[in-house]
Structures are given as structure tokens and as C-alpha cells.
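S.K.: The structure follows.
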Amino acid sequence: MRVAVVGGGINGVCCAREAALRGHDVTVFEKGSLLAATSANSSRLLHGGLRYLEQGAFGLVKSSLNARERWLRDCPEHTERIKICLPIYQNNRRPRVAYAAALGLYHLLGIGKNLGPFSYLSEQQTVNRHPSIKTSGLMGAFQFYDGYMNDRALGRWVIDRAMAAGVTFKEYRPVTHISADGSLTASGTDYKFDHIYCCAGPWLKHLANDSQLSSSTELEYVRGSHLVINQQCTQAFMLEVPNSHRFFFVLPHEQGSMIGTTEVHQNSPEPVITSASEVDELIKNYNHYFKTAIDHGDILTTRAGVRPLIKTKANHWASSREAKIEQIDRITLVWGGKWTSAPELANAVIKQTVRSGN
């Protein structure tokens, strides 16, 4: 069967490889370069999504933990286990018992695939082990494990294995139209396939509308920005954004550290640019917790990506992080998805097509 995949992000590449391994002739069309948009601007964490438990996304967390184990097992040269410190302060939005319950559930959902037990440090133990954080109001800290990746190297690893399975990649070939009969137009050239998988991420809704495909799925576009700073940290931190239910991370990043992410709602996938207010927000968040303050002069670079969340409520915090698979004749629309769970999503996508007979 001749198959097209629209979108060369991590979900598209994984879907392409999965289809090729099942014997299909697969061509990927990417409007730019492979893994250069949303997939290139993640936090670099391979994680189940501890913070998604509050939304009741247990299936997503379990699937992501399965995928995390697969990444770490299959590609140890570009992935690693990382210990994350979650400090508890008196003015936190959530009590210590809530964090203990969430970490217990996180551990339970990953049973058989956990990277190590979580633990609690007293105030003094936290101060001794993490002297860089402020101590005013500090009660202690939880420590737990997740995965971490070199996203560029791991992405290249996935592309190489897709090519070895027979996948053909066509970069800088934007797809402007798809049809339910398997027709596709890219860069002014018409093609015909037995099936089309659309993994266009934030740009999928525009393509579906332009192609007059009837879908009730609506997306929220949420920009996540990171700062890379020249202050080096050897320990990863997960921290509550002051006066908010959200979290941000401070992670080791090459010779410095990465701070992120923001959540800024926008009306379309473009532009994908870190705003001045996001820079100020991330600096303020970092300085709230760390003794050595940073300013704009400490920033080495910024990175931003737009995540497509499936709209469920008016508040984008409540939008679903779950992926959705929708089939229209010879087209499969893949809505949402995330780096960590890409292999699991790809397997589900291809299995659904096999069951439907298309």
C-alpha cells in the first residue's frame, strides 16, 4: 500500500516508520526541515506528565510512561534518567500531601517501568543537597525520576531508522490540499496514495479547513517558550509558578540551564516567537526561587514552540493533552500528541487503519 504522511515532526516520523515496518511504501511530506518546528522546541524531558494527573489524564500518563521506558531502553546513547527536585514551600498552592499522592499514583501507573522510587527530604536535607534555592518558607522537597533526551540526536536516530525501514522524506514540500480519496497536492504537484496520515501538529486544522474536510475537532494553540541561560545547574527542578497552578522547570542544558515553559494562548500556529513578556516572566519565576538572580544579560538563547491542544473548555489549561485519531475515508487526522508518547501514538494510529481496512 502506498502511504503518505503529512508532517515531519516526531509524530509524523514515528507514524511513517511504523507504517514502513508493516510493509507499506511510505513518503513523508514536510513543509520545512524535519523535526525543526514544535518537535525541536520541547523541554527535552521524556516524561509521563506528572502535572497531567490533576486533569485526570491517567491514560495519557500511563501511555507516556510506557513510551518513556521504550525510549530509554532503545536509545540509551541519547537518553538518560534524571532526578528532579520538587521543593515544597509554605505558600505553595498545593499541600505536601497532594504531591505525595500524585507521586504515588505516578509511580503506580509506571509500575514495572519506574526509574527509581520517589522520596521526601526534610528542610535541612533539602538545604544541604540543594544550596542554590532560597530557604525562606522552605518545608522540604520531593525527589523523583523521569527521562531526559538530547532531542536533536534522538530525532536524528528516529529519522535514520525510518529511512532504514524504507521511508522516503520530502522536505520543503508544503502540502496545500488533501482529499478523502487519497489525493494530495504538495508544492504544486499532485499525488495519489492509498492512505494519507496527517500529522501536521498545530497546522492540521488549517490544512483540514483548506481541504474542506468535515471535522468537529477544534484546537487551542498554546505557545511554550524556554530560556537557555549561562548559569549551570547539575540538578533538575520542578517548581510552582508563583501565585499560579502552573509549573515550570529548571533543567541542565549543555553548559548552562534551561528554564521553561510558558503557556501563552494564541489564535493561530503563527508566529512562533518568544515574547518580551515571556522572557520577563521566566526570569521572575527563576529569581523567585534561586539565590543567584539572573537578568537579560544571562540569556544565551530562547526557544519557542506552539502546541496543539484539543479544545474541551474555554480555559486552555483545561484543554486536553490527549491525542485524538479521526478517520475520514482514506485520510487519518492525528490531532495533538507529544514527544514522549509519539511511539505509542504511532502504533495506535497504524493499528486503527489496519482494523478499518483502509
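Each chain in the C-alpha cells gets a letter, A, B and so on, in the order shown; residues start at 1 in every chain, and ligands are counted from 1 in the order they appear.
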Could you pull out the residues in segment 134-342 of chain A that DSSP calls strand (DSSP E) from the backbone, as a ChimeraX atom specification?
M.R.: /A:138-149,168-170,175-178,183-186,189-192,195-198,219-229,236-240,247-253,256-260,264-266,299-310,324-328,331-335
S.K.: Go ahead and save the residues from that selection, with C-alpha atoms, as a tab-separated table (two decimals), in the first residue's frame.
M.R.:
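In the end it all went to again-v1.tsv:
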chain	number	residue	atom	x	y	z
A	138	LEU	CA	11.02	26.08	52.64
A	139	MET	CA	9.49	22.97	54.24
A	140	GLY	CA	11.32	20.22	52.35
A	141	ALA	CA	11.34	18.65	48.90
A	142	PHE	CA	10.26	15.58	46.99
A	143	GLN	CA	12.70	13.87	44.64
A	144	PHE	CA	11.60	11.65	41.78
A	145	TYR	CA	12.93	10.37	38.47
A	146	ASP	CA	11.99	10.96	34.86
A	147	GLY	CA	13.71	10.72	31.48
A	148	TYR	CA	15.81	13.28	29.62
A	149	MET	CA	16.93	13.38	25.99
A	168	THR	CA	11.17	8.48	1.74
A	169	PHE	CA	11.35	12.03	3.10
A	170	LYS	CA	10.47	15.08	1.01
A	175	VAL	CA	1.05	20.16	1.38
A	176	THR	CA	-1.74	22.54	0.41
A	177	HIS	CA	-4.61	20.13	-0.22
A	178	ILE	CA	-5.67	16.60	0.66
A	183	SER	CA	-5.16	12.62	-3.42
A	184	LEU	CA	-2.61	15.14	-2.23
A	185	THR	CA	-1.09	18.35	-3.59
A	186	ALA	CA	2.38	19.38	-2.46
A	189	THR	CA	2.39	18.67	-7.74
A	190	ASP	CA	-0.50	16.20	-7.45
A	191	TYR	CA	-0.02	12.74	-5.95
A	192	LYS	CA	-2.29	9.77	-5.28
A	195	HIS	CA	-3.91	6.31	2.52
A	196	ILE	CA	-2.81	9.65	3.99
A	197	TYR	CA	-1.81	10.20	7.61
A	198	CYS	CA	-1.96	13.86	8.60
A	219	LEU	CA	-7.58	23.16	18.64
A	220	GLU	CA	-6.15	25.53	21.20
A	221	TYR	CA	-2.78	26.95	20.19
A	222	VAL	CA	-0.53	27.31	23.22
A	223	ARG	CA	2.97	28.72	22.87
A	224	GLY	CA	5.61	27.36	25.21
A	225	SER	CA	8.88	29.29	25.48
A	226	HIS	CA	12.17	28.48	27.16
A	227	LEU	CA	15.27	30.43	28.09
A	228	VAL	CA	18.74	28.97	27.96
A	229	ILE	CA	20.95	30.79	30.48
A	236	ALA	CA	16.72	19.45	37.67
A	237	PHE	CA	13.91	21.29	39.44
A	238	MET	CA	10.13	21.29	39.05
A	239	LEU	CA	8.61	24.38	40.66
A	240	GLU	CA	5.22	26.01	41.08
A	247	PHE	CA	4.64	24.57	36.95
A	248	PHE	CA	7.95	25.39	35.35
A	249	PHE	CA	11.24	23.53	35.13
A	250	VAL	CA	14.89	24.42	35.54
A	251	LEU	CA	16.94	21.77	33.75
A	252	PRO	CA	20.60	21.12	32.94
A	253	HIS	CA	21.27	22.15	29.36
A	256	GLY	CA	24.08	26.19	31.12
A	257	SER	CA	20.48	25.69	32.20
A	258	MET	CA	17.08	25.78	30.53
A	259	ILE	CA	14.07	27.48	32.14
A	260	GLY	CA	10.57	26.83	30.91
A	264	VAL	CA	0.54	31.61	26.13
A	265	HIS	CA	-2.69	31.25	24.19
A	266	GLN	CA	-2.64	32.46	20.59
A	299	ILE	CA	20.31	34.64	28.44
A	300	LEU	CA	22.18	32.65	25.79
A	301	THR	CA	19.18	31.92	23.58
A	302	THR	CA	15.43	31.43	23.58
A	303	ARG	CA	13.32	28.69	22.04
A	304	ALA	CA	9.59	28.53	21.43
A	305	GLY	CA	7.09	26.02	20.11
A	306	VAL	CA	3.34	26.01	19.60
A	307	ARG	CA	1.49	23.01	20.99
A	308	PRO	CA	-1.87	21.92	19.54
A	309	LEU	CA	-4.23	21.07	22.39
A	310	ILE	CA	-7.66	19.64	21.71
A	324	LYS	CA	-7.20	12.06	19.01
A	325	ILE	CA	-7.30	9.87	15.90
A	326	GLU	CA	-10.00	10.68	13.34
A	327	GLN	CA	-10.52	8.82	10.09
A	328	ILE	CA	-12.25	10.24	7.01
A	331	ILE	CA	-7.35	10.05	5.46
A	332	THR	CA	-6.35	9.73	9.10
A	333	LEU	CA	-6.15	13.01	11.03
A	334	VAL	CA	-3.85	12.83	14.04
A	335	TRP	CA	-4.73	15.60	16.48
S.K.: Can you list, as an MDAnalysis selection string, all residues belonging to segment 27-148 of chain A that DSSP tags as alpha helix (DSSP H)?
M.R.: chainID A and resid 58:74 96:109 123:129
